[in-house]
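Peer 1: So that we are looking at the same thing, I have put the structure below in structure tokens.
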Amino acid sequence: MPPLHPAFRLVRLTAADLGEALELESLAYARPWTEAHFRGEFARPFTLALGFRTGRQFFGPPPTLAAHCFFWLLGPEIHLLNLAVRPEYRRRGLARRLLRAMLALGRRARVESVFLEVRPSNVEAQGLYRSSGFAVTGRRPGYYEDGEDAQLMTLDLI
């Protein structure tokens, strides 16, 4: 994978980033998280949110939240909740780099395993997770609000 373009920088997101997170989410997903969902996650002490922001340039648009991921750091586990990339910034390795940053935090915190749910219809995301070492370990029937099942994927870090 090529090095990340210097125009992107990794940041920790806070409730001050709510508007940008909502905008990104609405562009990335047909069924985006709601404002209440984001506010709830920002309020939880065990939720961490990382993002890639475009850099400020002398001329041109202001920095933009290009990608984000939200996850719970719960003792020996990480639960990845949400990973999204703005459509115009896809295929640049941002999702993979956010995943790596999350895993690096987990290793420093001595996390033993990471798990996530993904739609069986989201083949692209499944490919990202599989190529990062995750394996399908279960199924959650009717997990999504539209009734679609979720595949449970897990990665052991120890």
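Note on naming: chains are A, B, ... as they come in the structure tokens, residues start from 1 per chain, ligands start from 1 in the order shown.
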Going by DSSP on the backbone, which residues of chain A come out as helix (DSSP H, G or I)? List them as number ranges by chain.
Peer 2: A: 15-28, 35-43, 87-89, 94-108, 123-131
Peer 1: Select from range 70-107 of chain A every residue with an atom at most 12 Å from any atom of range 11-19 of chain A, then for each give the shortest pair of atoms and their distance in Å to one decimal, using only C-alpha atoms, rows by chain and rising number, as CSV.
Peer 2:
```
residue,atom,partner,partner_atom,distance
A:Phe70,CA,A:Leu13,CA,9.0
A:Phe71,CA,A:Leu13,CA,11.6
A:Leu98,CA,A:Val11,CA,10.1
A:Ala101,CA,A:Val11,CA,10.5
A:Met102,CA,A:Arg12,CA,11.0
A:Leu105,CA,A:Arg12,CA,11.9
```
Peer 1: From the DSSP assignment of the backbone, select every residue of range 17-136 of chain A that is strand (DSSP E or B), and format the answer as a ChimeraX atom specification.
Peer 2: /A:47-54,65-74,77-85,113-118,135-136
Peer 1: Restricted to C-alpha atoms, what would the selected residues look like written as a PDB file, in the first residue's frame?
Peer 2:
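File result.pdb, as written:
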```
ATOM      1  CA  THR A  47     -16.061   4.748  22.990  1.00  0.00           C
ATOM      2  CA  LEU A  48     -13.095   5.924  20.954  1.00  0.00           C
ATOM      3  CA  ALA A  49     -13.478   7.680  17.624  1.00  0.00           C
ATOM      4  CA  LEU A  50     -10.693   8.190  15.126  1.00  0.00           C
ATOM      5  CA  GLY A  51     -10.772   9.989  11.825  1.00  0.00           C
ATOM      6  CA  PHE A  52      -8.734  11.158   8.898  1.00  0.00           C
ATOM      7  CA  ARG A  53      -9.030  14.841   8.175  1.00  0.00           C
ATOM      8  CA  THR A  54      -7.782  16.499   5.037  1.00  0.00           C
ATOM      9  CA  LEU A  65     -13.456  14.714   7.732  1.00  0.00           C
ATOM     10  CA  ALA A  66     -12.637  12.133   5.064  1.00  0.00           C
ATOM     11  CA  ALA A  67     -13.115   8.962   7.145  1.00  0.00           C
ATOM     12  CA  HIS A  68     -14.048   7.882  10.659  1.00  0.00           C
ATOM     13  CA  CYS A  69     -14.259   4.821  12.844  1.00  0.00           C
ATOM     14  CA  PHE A  70     -16.003   4.373  16.176  1.00  0.00           C
ATOM     15  CA  PHE A  71     -15.220   1.510  18.505  1.00  0.00           C
ATOM     16  CA  TRP A  72     -15.595   0.378  22.089  1.00  0.00           C
ATOM     17  CA  LEU A  73     -12.497  -0.419  24.094  1.00  0.00           C
ATOM     18  CA  LEU A  74     -13.834  -2.819  26.714  1.00  0.00           C
ATOM     19  CA  GLU A  77     -11.995  -6.602  23.707  1.00  0.00           C
ATOM     20  CA  ILE A  78     -12.576  -4.020  21.027  1.00  0.00           C
ATOM     21  CA  HIS A  79     -15.952  -3.876  19.334  1.00  0.00           C
ATOM     22  CA  LEU A  80     -15.755  -2.008  16.020  1.00  0.00           C
ATOM     23  CA  LEU A  81     -19.047  -0.184  15.599  1.00  0.00           C
ATOM     24  CA  ASN A  82     -18.718   1.978  12.518  1.00  0.00           C
ATOM     25  CA  LEU A  83     -16.163   2.554   9.768  1.00  0.00           C
ATOM     26  CA  ALA A  84     -17.018   5.036   7.014  1.00  0.00           C
ATOM     27  CA  VAL A  85     -15.188   6.856   4.211  1.00  0.00           C
ATOM     28  CA  SER A 113      -9.674  -9.824  20.530  1.00  0.00           C
ATOM     29  CA  VAL A 114     -11.547  -7.522  18.197  1.00  0.00           C
ATOM     30  CA  PHE A 115     -14.996  -8.195  16.818  1.00  0.00           C
ATOM     31  CA  LEU A 116     -17.467  -6.520  14.515  1.00  0.00           C
ATOM     32  CA  GLU A 117     -20.711  -7.095  12.695  1.00  0.00           C
ATOM     33  CA  VAL A 118     -20.935  -6.649   8.935  1.00  0.00           C
ATOM     34  CA  ALA A 135     -12.582 -14.437  10.234  1.00  0.00           C
ATOM     35  CA  VAL A 136     -16.329 -15.063  10.228  1.00  0.00           C
TER      36      VAL A 136
END
```
Peer 1: Between CA of Arg31 in chain A and CA of Gly93 in chain A, what is the distance, to one decimal in Å?
Peer 2: 23.0 Å
Peer 1: Measuring atom to atom with only C-alpha atoms, identify which of A:Gly133, A:Gly138, A:Pro63, A:Gly40 is nearest to Leu99 in chain A.
Peer 2: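 Smallest distance to Leu99 in chain A is found for A:Gly133.
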